[in-house]
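Participant: Below is the file query.cif, with mmCIF, C-alpha atoms and all ligand atoms.
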```
data_run
loop_
_atom_site.label_atom_id
_atom_site.label_comp_id
_atom_site.auth_asym_id
_atom_site.auth_seq_id
_atom_site.Cartn_x
_atom_site.Cartn_y
_atom_site.Cartn_z
CA MET A 6 94.11 43.48 93.55
CA LYS A 7 92.62 43.53 97.02
CA ILE A 8 93.83 45.42 100.05
CA ASP A 9 92.41 44.60 103.46
CA SER A 10 89.78 47.14 104.35
CA ILE A 11 90.61 49.48 107.18
CA GLN A 12 88.95 49.55 110.62
CA ASP A 13 90.34 52.79 112.00
CA GLY A 14 92.54 54.85 109.76
CA ILE A 15 92.86 57.19 106.83
CA VAL A 16 92.44 56.75 103.10
CA LEU A 17 93.96 59.41 100.85
CA ASP A 18 92.11 59.22 97.59
CA HIS A 19 92.19 61.03 94.25
CA ILE A 20 95.93 61.59 94.45
CA GLN A 21 97.30 62.69 91.10
CA ALA A 22 98.86 59.55 89.56
CA GLY A 23 102.57 59.45 90.38
CA LYS A 24 102.39 61.66 93.48
CA GLY A 25 101.64 58.83 95.91
CA MET A 26 105.27 58.05 96.66
CA GLU A 27 106.10 61.70 97.25
CA ILE A 28 103.32 61.96 99.80
CA TYR A 29 104.48 58.73 101.43
CA ARG A 30 107.96 60.13 101.73
CA LEU A 31 107.07 63.64 102.92
CA LEU A 32 104.52 62.40 105.48
CA HIS A 33 107.21 59.99 106.76
CA LEU A 34 104.78 57.09 106.49
CA ASP A 35 107.78 54.76 106.47
CA ASP A 36 108.18 55.56 110.19
CA LEU A 37 104.78 54.06 111.03
CA ASP A 38 104.47 50.55 112.43
CA CYS A 39 100.96 50.02 111.11
CA THR A 40 99.99 48.77 107.67
CA VAL A 41 100.37 51.34 104.93
CA ALA A 42 99.39 50.61 101.34
CA ILE A 43 100.20 52.71 98.31
CA ILE A 44 98.12 51.80 95.32
CA LYS A 45 99.43 53.24 92.09
CA ASN A 46 97.71 54.00 88.81
CA VAL A 47 94.19 53.06 89.86
CA LYS A 48 91.61 53.67 87.13
CA SER A 49 89.52 56.71 87.96
CA ARG A 50 86.50 58.17 86.25
CA THR A 51 87.50 61.75 86.98
CA LEU A 52 91.30 61.61 86.83
CA GLY A 53 91.93 58.79 84.36
CA ARG A 54 94.57 57.41 86.72
CA LYS A 55 95.07 58.12 90.38
CA ASP A 56 97.07 56.95 93.38
CA ILE A 57 95.57 55.93 96.72
CA ILE A 58 97.24 55.63 100.13
CA LYS A 59 95.67 53.60 102.93
CA ILE A 60 96.94 54.05 106.47
CA ASP A 61 95.66 51.57 109.06
CA GLU A 62 95.88 54.02 111.96
CA THR A 63 94.43 57.44 112.77
CA ILE A 64 97.49 59.66 112.55
CA ASP A 65 97.81 63.44 112.72
CA LEU A 66 98.08 64.30 109.05
CA ASP A 67 100.14 67.30 108.04
CA LEU A 68 97.60 68.93 105.77
CA ASP A 69 100.19 71.51 104.67
CA ILE A 70 102.15 68.73 102.99
CA LEU A 71 99.05 67.36 101.28
CA GLY A 72 97.93 70.81 100.17
CA PHE A 73 101.36 71.55 98.78
CA ILE A 74 101.62 68.33 96.76
CA ASP A 75 98.04 68.02 95.57
CA LYS A 76 95.31 70.28 96.89
CA ASP A 77 92.61 68.23 95.15
CA ILE A 78 93.23 65.14 97.25
CA THR A 79 90.38 63.54 99.21
CA VAL A 80 90.97 62.66 102.86
CA ASN A 81 88.69 59.89 104.15
CA THR A 82 88.74 59.15 107.85
CA ILE A 83 87.56 55.63 108.71
CA ARG A 84 86.20 54.65 112.16
CA GLY A 85 84.94 51.22 113.07
CA GLY A 86 85.22 50.12 109.48
CA LYS A 87 82.94 52.93 108.28
CA LEU A 88 83.53 56.24 106.54
CA TRP A 89 83.39 58.77 109.35
CA LYS A 90 84.55 61.94 107.58
CA LYS A 91 85.25 62.83 103.98
CA GLN A 92 87.23 65.95 103.15
CA ARG A 93 87.37 66.84 99.48
CA GLY A 94 90.37 69.02 98.74
CA VAL A 95 92.92 70.49 101.13
CA PRO A 96 93.69 74.21 101.46
CA LEU A 97 96.90 75.51 99.94
CA PRO A 98 99.25 76.31 102.82
CA ALA A 99 100.53 79.88 102.90
CA ARG A 100 103.93 78.75 104.19
CA LEU A 101 105.97 75.57 104.04
CA VAL A 102 108.35 75.21 106.95
CA ASN A 103 111.00 72.48 106.68
CA ILE A 104 108.91 70.42 104.28
CA ILE A 105 111.09 70.74 101.22
CA PRO A 106 114.64 72.07 100.89
CA CYS A 107 115.61 74.93 98.61
CA LYS A 108 117.41 73.55 95.55
CA ASN A 109 119.43 76.69 94.87
CA PRO A 110 123.05 75.93 95.83
CA ARG A 111 123.68 79.66 96.30
CA CYS A 112 120.88 79.92 98.90
CA ILE A 113 121.88 80.65 102.51
CA THR A 114 119.86 77.58 103.60
CA ALA A 115 122.26 75.43 101.57
CA SER A 116 125.26 76.51 103.63
CA GLU A 117 123.71 76.96 107.08
CA PRO A 118 121.80 73.84 108.05
CA SER A 119 120.38 75.39 111.23
CA ILE A 120 118.19 77.79 109.22
CA ASP A 121 114.60 76.67 108.64
CA HIS A 122 113.69 75.99 105.03
CA LEU A 123 110.83 78.37 104.38
CA PHE A 124 108.70 78.69 101.26
CA ARG A 125 105.85 81.11 100.70
CA LEU A 126 102.85 80.79 98.42
CA VAL A 127 103.24 83.57 95.85
CA SER A 128 100.42 82.70 93.46
CA GLU A 129 97.50 80.28 93.70
CA ASP A 130 96.53 79.20 90.23
CA PRO A 131 98.64 77.32 89.46
CA PRO A 132 100.11 77.09 92.95
CA LEU A 133 103.62 78.49 93.11
CA TYR A 134 105.92 78.53 96.11
CA ARG A 135 109.15 80.47 96.36
CA CYS A 136 111.99 80.24 98.87
CA ALA A 137 111.66 83.05 101.41
CA TYR A 138 115.40 83.64 101.24
CA CYS A 139 116.41 83.47 97.58
CA GLU A 140 113.00 83.41 95.79
CA THR A 141 113.82 80.22 93.90
CA ALA A 142 110.63 78.42 92.86
CA ALA A 143 109.86 75.11 94.59
CA ARG A 144 110.41 72.27 92.07
CA MET B 21 107.92 105.12 122.05
CA GLN B 22 110.65 103.65 119.94
CA ALA B 23 110.03 103.34 116.21
CA PRO B 24 110.08 99.77 114.92
CA LEU B 25 113.41 98.60 113.56
CA ARG B 26 113.68 99.00 109.80
CA HIS B 27 115.97 97.10 107.45
CA LEU B 28 116.64 97.34 103.74
CA ILE B 29 116.89 93.85 102.30
CA ASP B 30 114.92 94.23 99.10
CA ILE B 31 114.05 97.45 97.30
CA LYS B 32 110.38 96.50 97.78
CA ASP B 33 110.88 97.01 101.54
CA LEU B 34 110.57 100.72 100.76
CA SER B 35 107.30 102.28 99.68
CA VAL B 36 107.18 104.61 96.72
CA SER B 37 106.80 107.58 99.07
CA GLU B 38 109.74 106.45 101.21
CA ILE B 39 111.87 106.17 98.09
CA GLY B 40 110.72 109.64 97.11
CA ALA B 41 111.73 110.97 100.53
CA LEU B 42 115.13 109.24 100.35
CA LEU B 43 115.86 110.67 96.91
CA SER B 44 114.93 114.19 97.95
CA ARG B 45 116.99 113.82 101.11
CA ALA B 46 119.93 112.71 98.91
CA ASP B 47 119.30 115.74 96.74
CA GLY B 48 119.39 117.95 99.84
CA ILE B 49 122.69 116.42 100.92
CA LEU B 50 124.14 116.95 97.44
CA ALA B 51 123.15 120.62 97.64
CA ARG B 52 124.43 121.27 101.18
CA PRO B 53 126.73 118.46 102.32
CA GLY B 54 128.11 120.60 105.13
CA ASP B 55 124.74 120.57 106.89
CA TYR B 56 125.11 116.85 107.45
CA ALA B 57 128.73 116.73 108.61
CA ASP B 58 127.78 115.81 112.18
CA ALA B 59 124.45 114.12 111.55
CA CYS B 60 125.80 110.72 112.65
CA HIS B 61 128.15 111.94 115.37
CA ARG B 62 129.07 109.03 117.69
CA LYS B 63 127.22 106.54 115.49
CA LYS B 64 128.96 103.50 114.01
CA LEU B 65 128.42 101.62 110.78
CA ALA B 66 129.64 98.02 110.59
CA THR B 67 130.50 96.84 107.09
CA LEU B 68 130.41 93.04 107.06
CA PHE B 69 131.70 92.02 103.66
CA TYR B 70 131.86 88.25 103.32
CA GLU B 71 133.00 88.66 99.73
CA PRO B 72 135.07 91.44 98.25
CA SER B 73 133.34 94.44 96.76
CA THR B 74 135.69 97.29 97.35
CA ARG B 75 133.59 99.81 95.49
CA THR B 76 130.40 99.17 97.45
CA ARG B 77 132.23 98.98 100.78
CA LEU B 78 134.06 102.26 100.17
CA SER B 79 130.81 103.93 99.16
CA PHE B 80 129.18 102.90 102.45
CA GLU B 81 132.21 103.90 104.48
CA ALA B 82 132.55 107.25 102.73
CA ALA B 83 128.84 107.87 103.32
CA MET B 84 129.14 107.23 107.07
CA LEU B 85 132.34 109.26 107.41
CA GLU B 86 130.74 112.23 105.64
CA LEU B 87 127.91 112.06 108.15
CA GLY B 88 130.44 112.38 110.95
CA GLY B 89 130.08 108.75 112.00
CA ALA B 90 132.63 105.98 112.36
CA VAL B 91 133.07 102.69 110.55
CA LEU B 92 134.26 99.24 111.56
CA GLY B 93 133.99 95.81 110.01
CA PHE B 94 135.69 93.24 107.88
CA SER B 95 136.10 92.35 104.26
CA SER B 96 136.73 88.84 103.04
CA GLN B 97 140.45 89.50 102.75
CA ASP B 98 140.62 89.61 106.54
CA SER B 99 140.31 86.47 108.59
CA SER B 100 136.64 87.02 109.31
CA SER B 101 134.69 85.00 111.82
CA ALA B 102 132.75 83.45 108.95
CA SER B 103 135.86 81.70 107.73
CA LYS B 104 136.02 80.03 111.16
CA GLY B 105 132.55 78.63 110.58
CA GLU B 106 130.46 81.04 112.66
CA SER B 107 126.86 81.35 111.53
CA VAL B 108 125.48 84.60 110.16
CA ALA B 109 123.06 84.69 113.11
CA ASP B 110 125.85 84.55 115.71
CA THR B 111 128.02 87.13 113.96
CA ILE B 112 125.08 89.51 113.71
CA ARG B 113 124.09 89.09 117.35
CA VAL B 114 127.60 90.07 118.37
CA VAL B 115 128.04 92.92 115.88
CA SER B 116 124.63 94.35 116.88
CA GLY B 117 126.28 95.17 120.18
CA TYR B 118 129.09 97.14 118.54
CA ALA B 119 127.38 99.10 115.79
CA ASP B 120 124.30 101.24 115.20
CA VAL B 121 123.72 100.06 111.64
CA ILE B 122 125.08 97.14 109.61
CA ALA B 123 125.81 96.93 105.88
CA MET B 124 126.27 93.33 104.82
CA ARG B 125 127.55 91.75 101.64
CA HIS B 126 127.29 87.97 101.44
CA PRO B 127 127.78 85.47 98.62
CA LYS B 128 124.73 83.44 99.70
CA GLU B 129 121.29 84.56 98.64
CA GLY B 130 119.01 85.44 101.52
CA ALA B 131 121.82 85.82 104.08
CA PRO B 132 120.73 89.40 104.92
CA ILE B 133 117.22 88.13 105.73
CA VAL B 134 118.77 85.84 108.31
CA ALA B 135 120.88 88.75 109.58
CA ALA B 136 117.87 91.05 109.93
CA ARG B 137 116.04 88.40 111.93
CA HIS B 138 118.79 88.36 114.56
CA ALA B 139 119.88 92.00 114.55
CA ASN B 140 119.00 94.65 117.10
CA VAL B 141 120.06 97.38 114.68
CA PRO B 142 119.10 98.10 111.07
CA VAL B 143 120.61 95.79 108.45
CA ILE B 144 121.30 96.99 104.91
CA ASN B 145 121.73 94.39 102.20
CA ALA B 146 124.85 95.41 100.29
CA GLY B 147 124.40 92.53 97.85
CA ASP B 148 123.51 88.87 98.41
CA GLY B 149 124.82 86.55 95.71
CA GLY B 150 122.94 87.05 92.48
CA HIS B 151 119.81 88.07 94.32
CA ASN B 152 119.31 91.66 95.54
CA HIS B 153 121.35 94.82 95.73
CA PRO B 154 118.89 97.50 96.84
CA THR B 155 121.39 100.31 97.44
CA GLN B 156 122.55 99.97 93.84
CA THR B 157 118.92 100.37 92.85
CA LEU B 158 118.55 103.48 94.99
CA THR B 159 121.69 104.79 93.30
CA ASP B 160 120.15 104.08 89.90
CA LEU B 161 116.90 105.76 90.88
CA LEU B 162 118.72 108.84 92.15
CA THR B 163 120.64 109.04 88.87
CA ILE B 164 117.40 108.87 86.90
CA GLN B 165 115.65 111.37 89.16
CA GLN B 166 118.58 113.79 88.89
CA SER B 167 118.66 113.47 85.10
CA PHE B 168 114.95 113.65 84.30
CA GLY B 169 113.36 115.09 87.44
CA ARG B 170 110.98 112.11 87.49
CA LEU B 171 110.80 108.32 87.68
CA SER B 172 107.70 108.00 85.50
CA LYS B 173 107.05 108.31 81.75
CA LEU B 174 110.37 106.74 80.81
CA THR B 175 111.47 104.10 78.35
CA VAL B 176 114.18 102.05 79.98
CA GLY B 177 116.43 99.87 77.83
CA LEU B 178 118.11 97.09 79.80
CA CYS B 179 120.98 95.59 77.87
CA GLY B 180 123.26 92.60 78.28
CA ASP B 181 123.00 89.87 80.88
CA LEU B 182 119.41 90.13 82.06
CA LYS B 183 119.41 86.60 83.46
CA PHE B 184 122.07 86.92 86.15
CA GLY B 185 122.18 90.72 86.35
CA ARG B 186 120.70 91.36 89.77
CA THR B 187 120.95 95.13 89.40
CA VAL B 188 118.60 94.79 86.45
CA HIS B 189 116.13 92.67 88.45
CA SER B 190 116.06 95.13 91.33
CA LEU B 191 115.69 98.10 89.00
CA ILE B 192 112.73 96.41 87.31
CA SER B 193 111.08 95.68 90.70
CA ALA B 194 111.50 99.30 91.65
CA MET B 195 110.39 100.89 88.39
CA VAL B 196 107.26 98.83 87.73
CA ARG B 197 105.71 100.89 90.52
CA TYR B 198 105.87 104.18 88.57
CA PRO B 199 103.33 105.20 85.94
CA ASP B 200 104.04 105.00 82.21
CA VAL B 201 107.35 103.21 82.47
CA ARG B 202 108.24 101.00 79.52
CA PHE B 203 111.00 98.40 79.39
CA VAL B 204 112.98 97.34 76.36
CA LEU B 205 114.83 94.12 77.15
CA ILE B 206 117.92 93.73 75.00
CA SER B 207 119.75 90.45 75.53
CA PRO B 208 120.88 87.26 73.84
CA PRO B 209 118.25 84.50 74.11
CA GLU B 210 120.48 82.66 76.61
CA LEU B 211 120.48 85.61 78.99
CA LYS B 212 116.85 86.71 79.07
CA CYS B 213 115.16 87.85 82.29
CA PRO B 214 114.24 84.94 84.59
CA ASP B 215 110.58 83.91 84.80
CA TYR B 216 109.92 85.52 88.15
CA VAL B 217 111.13 88.89 86.90
CA MET B 218 108.98 88.58 83.77
CA ALA B 219 106.04 87.59 85.99
CA GLN B 220 106.54 90.80 87.93
CA ILE B 221 106.53 92.87 84.74
CA GLN B 222 103.40 91.15 83.48
CA ARG B 223 101.57 91.44 86.82
CA SER B 224 102.26 95.14 87.00
CA GLY B 225 100.88 95.68 83.50
CA VAL B 226 103.77 97.88 82.33
CA ALA B 227 104.61 97.85 78.64
CA TRP B 228 107.68 95.94 77.52
CA GLU B 229 109.30 94.56 74.42
CA GLU B 230 112.31 92.47 73.56
CA SER B 231 115.11 93.23 71.16
CA ARG B 232 118.32 91.55 70.06
CA GLN B 233 120.02 94.69 68.79
CA MET B 234 120.40 97.90 70.76
CA GLU B 235 120.72 99.93 67.51
CA GLU B 236 117.16 98.92 66.55
CA VAL B 237 115.62 100.50 69.62
CA MET B 238 118.15 103.23 70.42
CA ASP B 239 115.91 106.08 69.23
CA GLN B 240 113.11 105.07 71.64
CA LEU B 241 115.16 105.02 74.82
CA ASP B 242 115.36 107.56 77.62
CA ILE B 243 117.74 105.32 79.53
CA LEU B 244 120.17 102.68 78.34
CA TYR B 245 121.19 100.53 81.29
CA MET B 246 124.21 98.44 80.33
CA THR B 247 125.42 95.27 82.03
CA ARG B 248 128.25 92.95 81.19
CA VAL B 249 127.81 89.78 79.16
CA GLN B 250 130.29 87.40 80.76
CA ARG B 251 132.06 84.66 78.88
CA GLU B 252 131.39 82.10 81.62
CA ARG B 253 127.62 82.48 81.20
CA PHE B 254 127.75 80.76 77.81
CA PHE B 255 127.81 77.05 77.14
CA ASN B 256 130.31 77.41 74.37
CA GLU B 257 132.90 79.88 73.21
CA ALA B 258 131.41 80.11 69.72
CA ASP B 259 128.10 81.51 71.01
CA TYR B 260 129.93 84.02 73.15
CA VAL B 261 132.12 85.23 70.29
CA ARG B 262 129.12 85.43 67.97
CA LEU B 263 127.06 87.47 70.40
CA LYS B 264 129.40 89.59 72.40
CA ASP B 265 129.77 92.49 69.97
CA SER B 266 126.01 93.03 69.85
CA PHE B 267 126.12 93.92 73.50
CA ILE B 268 129.10 96.23 73.45
CA LEU B 269 128.25 99.91 73.34
CA ASP B 270 130.35 102.14 71.13
CA VAL B 271 129.89 105.71 69.90
CA PRO B 272 128.40 104.82 66.47
CA LYS B 273 125.59 102.85 68.13
CA LEU B 274 124.56 106.03 69.94
CA ALA B 275 123.99 107.90 66.67
CA ARG B 276 120.18 107.67 66.77
CA ALA B 277 119.78 108.26 70.50
CA LYS B 278 117.55 111.07 71.76
CA PRO B 279 119.64 114.04 72.93
CA GLU B 280 118.56 113.60 76.58
CA MET B 281 119.11 109.82 76.66
CA ILE B 282 121.45 108.67 79.44
CA VAL B 283 123.73 105.62 79.53
CA MET B 284 123.96 103.97 82.93
CA HIS B 285 126.08 101.08 84.22
CA PRO B 286 126.39 99.68 87.75
CA LEU B 287 130.20 99.40 87.35
CA PRO B 288 132.75 97.90 87.28
CA ARG B 289 132.76 98.09 83.53
CA VAL B 290 135.07 95.79 81.59
CA ASN B 291 134.64 96.13 77.84
CA GLU B 292 130.87 96.36 77.40
CA ILE B 293 131.11 100.14 77.07
CA GLN B 294 134.02 101.29 74.97
CA ALA B 295 136.21 103.89 76.64
CA LYS B 296 135.42 106.41 73.87
CA VAL B 297 131.84 106.57 75.13
CA ASP B 298 133.05 107.99 78.46
CA GLU B 299 133.38 111.53 77.05
CA ASN B 300 130.06 111.28 75.21
CA PRO B 301 127.35 113.54 76.67
CA HIS B 302 125.04 110.55 77.06
CA ALA B 303 127.41 108.80 79.48
CA ARG B 304 126.22 109.06 83.07
CA TYR B 305 127.85 106.06 84.77
CA PHE B 306 130.61 107.83 86.66
CA GLU B 307 128.18 110.37 88.09
CA GLN B 308 125.96 107.42 88.95
CA ALA B 309 128.76 106.02 91.14
CA VAL B 310 129.09 109.34 92.97
CA PHE B 311 125.33 109.45 93.57
CA GLY B 312 125.73 106.09 95.31
CA LYS B 313 127.43 107.74 98.25
CA TYR B 314 124.72 110.38 98.68
CA VAL B 315 121.85 107.95 98.52
CA ARG B 316 123.60 105.74 101.11
CA MET B 317 123.96 108.80 103.36
CA ALA B 318 120.22 109.41 103.02
CA LEU B 319 119.51 105.76 103.72
CA ILE B 320 121.66 105.64 106.86
CA LEU B 321 119.88 108.74 108.22
CA PHE B 322 116.50 107.17 107.43
CA LEU B 323 117.26 103.83 109.05
CA LEU B 324 118.73 105.49 112.14
CA GLY B 325 115.62 107.65 112.40
CA LEU B 326 117.71 110.80 112.20
CA GLU B 327 115.92 113.78 110.78
CA LYS B 328 117.79 116.98 110.34
CA GLU B 329 116.48 119.80 112.51
CA GLY B 330 113.94 122.02 110.82
CA GLU B 331 113.36 119.49 108.07
CA ALA B 332 110.04 117.78 107.60
CA ALA B 333 110.12 114.09 108.47
ZN ZN C 1 116.50 79.45 98.72
#
```
What is this structure when it is put down as C-alpha cells?
Ligand SMILES: [Zn+2]
Facilitator:
Amino acid sequence: MKIDSIQDGIVLDHIQAGKGMEIYRLLHLDDLDCTVAIIKNVKSRTLGRKDIIKIDETIDLDLDILGFIDKDITVNTIRGGKLWKKQRGVPLPARLVNIIPCKNPRCITASEPSIDHLFRLVSEDPPLYRCAYCETAAR
Amino acid sequence: MQAPLRHLIDIKDLSVSEIGALLSRADGILARPGDYADACHRKKLATLFYEPSTRTRLSFEAAMLELGGAVLGFSSQDSSSASKGESVADTIRVVSGYADVIAMRHPKEGAPIVAARHANVPVINAGDGGHNHPTQTLTDLLTIQQSFGRLSKLTVGLCGDLKFGRTVHSLISAMVRYPDVRFVLISPPELKCPDYVMAQIQRSGVAWEESRQMEEVMDQLDILYMTRVQRERFFNEADYVRLKDSFILDVPKLARAKPEMIVMHPLPRVNEIQAKVDENPHARYFEQAVFGKYVRMALILFLLGLEKEGEAA
C-alpha cells in the first residue's frame, strides 16, 4: 500500500494499533478539507502493530488529546517534503476539558449540558483520569 | 481583609486539624449549648433539597435555629425552580443573594461542585447522589471521638453495601488519615468497595481485610458500621435471599464483641439491625443522629467565620 508522501503536514506515528480512529474522531480530522490518511495495523518492530495518521496540512494539534489517548505517540512535522521536527511522546495532560464526556448517568454533567466536561489526571502509571464532578474513571 | 470563601463538598476539603477543631467545637456546644444561642443572630441558612431527605434537612435546620439563625429553602416536594428547568448555577446565584450559607442536597453527583463555583456564600454538600455526604462523615467522626476520645488506633468494621454506600466511602476517606486505623470490609462479593475507594486504602497504607461473615471478625472490632443491603442492588432475588441474613445484625451476633465496641448506622435503618439491638449497650446509632446536629452547628460557625468570644480560633 502506498500513500502519497506529504509536502507540508503532520504524521502521527507509533499509535497503538486500534487507537487511530479514536484520534481521528477526537481531533475532528473529518472537518479538514485536506487529505487525511489513517493507516491501520502497520507492522512495527517496536509495537508489533501500529496505526499511522497522515495529515496533508500543518494544523494546530491538540496535544492534550494525543497525550490522553496515547502518550507514546510520535509527532512528525513535515515541511517542504522533509522531516522538520520529530517529537517522541506527548506529555500527559493534567486536565481534559470537553474532550470526552462523563459516562456516569448520575453525573451532573449528564443533566446540565452547559457544564464543561472536566477530567483530572489522578495517577500517571498507568494513566488514570477521573471526572472532576463525580470521580468516575474515564473509559 | 476578608477570609477566602470556604465550602464543604468533600470531607477531604477539611484538613485533619480543621476536623479536630470542628469536633472539639461540637463538643463545646454539646457541653454548653446556651452559649451559642445567638451565635448566628440575623444569619440565614438556605436548605436547597432537590430530593427528599427529611432527616438531613431537619438536622441542618435545627442546627441553624439553635444558633439563633433563620432558615429558608425548598425540598423536592415543593415546586422548586429546578423542576422548571433552571440550572444549578442560576439557582445558586440567586440564592446567594438571600442567604449567608447554603446546604444543598442533589440527586446528581457533583452538583454541589457546580454550586460552589457560582456561590458567593459557603456551600455545604448535604449529599450528592451516591457520591459524597461529608456532614454524615463529620457526624460519624464526632460519634467515634465521643465514644473513644480518639480517631486513631481503631479497627473499623464496615458491613453491608460497600459498593453504593457513600457514607462508607466518605468515612474511609476521612479515617485513612489517622494513624493505626484498620478496616474490616464485610460485604457480599457483589457489593464490595469500588476500585477507587480500594485504591485510596492501598495508597494510604492502612491495614485492611475482607470478611463475608460479621461473626467471624466481631471480636476484633472497635466499631461496627452497618449499612443496608438493598434488594434492588442484586441481579436476582435468589442471591438476595441467600445473602441478606448474613448482613442483618441481631443480638446473638454481638456475643463476642469487645465490651467497648460501638454499633453505628447512618439511618434510616430498615431491617439490617434488628430492633432488639436498640437497647443493647453497644448500640450508638440514635446518639449518632443527635451528634449530627451539633457537628452541623460547629460547621456552620466555621464556614461563616464565627468564633465565639474568648475562644481560640
Ligand atoms: Zn462525572
Participant: Skip Leu25 in chain B itself and residues of its chain fewer than 3 positions away, then list as an NGL selection string all residues within 9 Å of it, counting only C-alpha atoms.
Facilitator: :B and (22 or 140-142 or 323-324)
Participant: Take the selection from the previous step and output its residues with C-alpha atoms, as a short mmCIF file (atom, residue, chain, number, x, y, z; two decimals), in the frame of the given file.
Facilitator:
```cif
data_model
loop_
_atom_site.label_atom_id
_atom_site.label_comp_id
_atom_site.auth_asym_id
_atom_site.auth_seq_id
_atom_site.Cartn_x
_atom_site.Cartn_y
_atom_site.Cartn_z
CA GLN B 22 110.65 103.65 119.94
CA ASN B 140 119.00 94.65 117.10
CA VAL B 141 120.06 97.38 114.68
CA PRO B 142 119.10 98.10 111.07
CA LEU B 323 117.26 103.83 109.05
CA LEU B 324 118.73 105.49 112.14
#
```
Participant: Excluding Thr141 in chain A and residues on its chain fewer than 3 positions from it, collect all residues at most 12 Å away from it, counting only C-alpha atoms, and give them as JSON, numbers by chain.
Facilitator: {"A": [106, 107, 108, 109, 110, 111, 112, 113, 114, 122, 123, 124, 125, 126, 127, 133, 134, 135, 136, 137, 138, 144], "B": [129, 130, 150, 151, 214, 215, 216, 217]}
Participant: If you count all atoms listed in the file, which residues fall within 10 Å of Phe311 in chain B, apart from same-chain ones fewer than 2 positions away, as a PDB file with C-alpha atoms, in the coordinates of the input?
Facilitator:
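Listing of selection_20.pdb after writing:
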```
ATOM      1  CA  ALA B  46     119.930 112.710  98.910  1.00  0.00           C
ATOM      2  CA  ASP B  47     119.300 115.740  96.740  1.00  0.00           C
ATOM      3  CA  LEU B  50     124.140 116.950  97.440  1.00  0.00           C
ATOM      4  CA  SER B  79     130.810 103.930  99.160  1.00  0.00           C
ATOM      5  CA  GLN B 156     122.550  99.970  93.840  1.00  0.00           C
ATOM      6  CA  LEU B 158     118.550 103.480  94.990  1.00  0.00           C
ATOM      7  CA  THR B 159     121.690 104.790  93.300  1.00  0.00           C
ATOM      8  CA  ASP B 160     120.150 104.080  89.900  1.00  0.00           C
ATOM      9  CA  LEU B 161     116.900 105.760  90.880  1.00  0.00           C
ATOM     10  CA  LEU B 162     118.720 108.840  92.150  1.00  0.00           C
ATOM     11  CA  THR B 163     120.640 109.040  88.870  1.00  0.00           C
ATOM     12  CA  GLN B 166     118.580 113.790  88.890  1.00  0.00           C
ATOM     13  CA  TYR B 305     127.850 106.060  84.770  1.00  0.00           C
ATOM     14  CA  PHE B 306     130.610 107.830  86.660  1.00  0.00           C
ATOM     15  CA  GLU B 307     128.180 110.370  88.090  1.00  0.00           C
ATOM     16  CA  GLN B 308     125.960 107.420  88.950  1.00  0.00           C
ATOM     17  CA  ALA B 309     128.760 106.020  91.140  1.00  0.00           C
ATOM     18  CA  LYS B 313     127.430 107.740  98.250  1.00  0.00           C
ATOM     19  CA  TYR B 314     124.720 110.380  98.680  1.00  0.00           C
ATOM     20  CA  VAL B 315     121.850 107.950  98.520  1.00  0.00           C
ATOM     21  CA  ARG B 316     123.600 105.740 101.110  1.00  0.00           C
ATOM     22  CA  MET B 317     123.960 108.800 103.360  1.00  0.00           C
TER      23      MET B 317
END
```
Participant: Nearest to chain A among B:Arg75, B:His61, B:Lys128, B:Arg262, with distances taken over all atoms listed in the file: which residue is it?
Facilitator: B:Lys128
Participant: Taking all atoms listed in the file into account, name the residue in A:Ala115, A:Val16, A:Ile74, A:Ile120 that is nearest to ligand ZN 1 (chain C).
Facilitator: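 Under the stated criterion, the closest residue is A:Ala115.
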Participant: With 12 Å as the cut-off and only C-alpha atoms counted, what is the closest atom pair between each nearby residue of chain B and chain A? Distances in Å to one decimal, ordered by chain and number, as CSV.
Facilitator:
```
residue,atom,partner,partner_atom,distance
B:Ile29,CA,A:Tyr138,CA,10.4
B:Asp30,CA,A:Tyr138,CA,10.8
B:Ala102,CA,A:Glu117,CA,11.3
B:Gly105,CA,A:Glu117,CA,9.7
B:Glu106,CA,A:Glu117,CA,9.7
B:Ser107,CA,A:Glu117,CA,7.0
B:Val108,CA,A:Glu117,CA,8.4
B:Ala109,CA,A:Ile120,CA,9.3
B:Asp110,CA,A:Ser119,CA,11.6
B:His126,CA,A:Ile113,CA,9.2
B:Pro127,CA,A:Arg111,CA,7.5
B:Lys128,CA,A:Ile113,CA,4.9
B:Glu129,CA,A:Cys112,CA,4.7
B:Gly130,CA,A:Tyr138,CA,4.0
B:Ala131,CA,A:Ile113,CA,5.4
B:Pro132,CA,A:Tyr138,CA,8.7
B:Ile133,CA,A:Tyr138,CA,6.6
B:Val134,CA,A:Ile120,CA,8.1
B:Ala135,CA,A:Ile113,CA,10.8
B:Ala136,CA,A:Tyr138,CA,11.7
B:Arg137,CA,A:Ile120,CA,11.2
B:His138,CA,A:Ile120,CA,11.9
B:Asp148,CA,A:Cys139,CA,9.0
B:Gly149,CA,A:Arg111,CA,7.0
B:Gly150,CA,A:Arg111,CA,8.4
B:His151,CA,A:Cys139,CA,6.6
B:Asn152,CA,A:Cys139,CA,8.9
B:Arg186,CA,A:Cys139,CA,11.9
B:Pro214,CA,A:Thr141,CA,10.4
B:Asp215,CA,A:Ala142,CA,9.8
B:Tyr216,CA,A:Glu140,CA,8.5
B:Val217,CA,A:Glu140,CA,10.6
B:Ala219,CA,A:Ser128,CA,10.5
B:Gln220,CA,A:Val127,CA,11.2
B:Arg223,CA,A:Ser128,CA,11.0
```
Participant: Using only C-alpha atoms, find the one residue out of A:Ile20, A:Leu32, A:Leu97, A:Gly14 that sits nearest to Asn46 in chain A.
Facilitator: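 Of A:Ile20, A:Leu32, A:Leu97, A:Gly14, the one nearest Asn46 in chain A, counting only C-alpha atoms, is A:Ile20.
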Participant: What is the distance, in Å and to one decimal place, between CA of Arg276 in chain B and CA of Cys213 in chain B?
Facilitator: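 Distance reported for this atom pair: 25.7 Å.
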Participant: I'd like the neighbourhood of Ala66 in chain B as a PyMOL selection string, where a residue qualifies if any of its atoms comes within 10 Å (using all atoms listed in the file), though same-chain residues fewer than 2 positions away should be ignored.
Facilitator: chain B and resi 64+68-69+80-81+84+90-94+115-116+118-124+143
Participant: How far is it from CA of Gln222 in chain B to CA of Pro98 in chain A, in Å with one decimal?
Facilitator: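 Computed distance, CA of Gln222 in chain B to CA of Pro98 in chain A, equals 24.7 Å.
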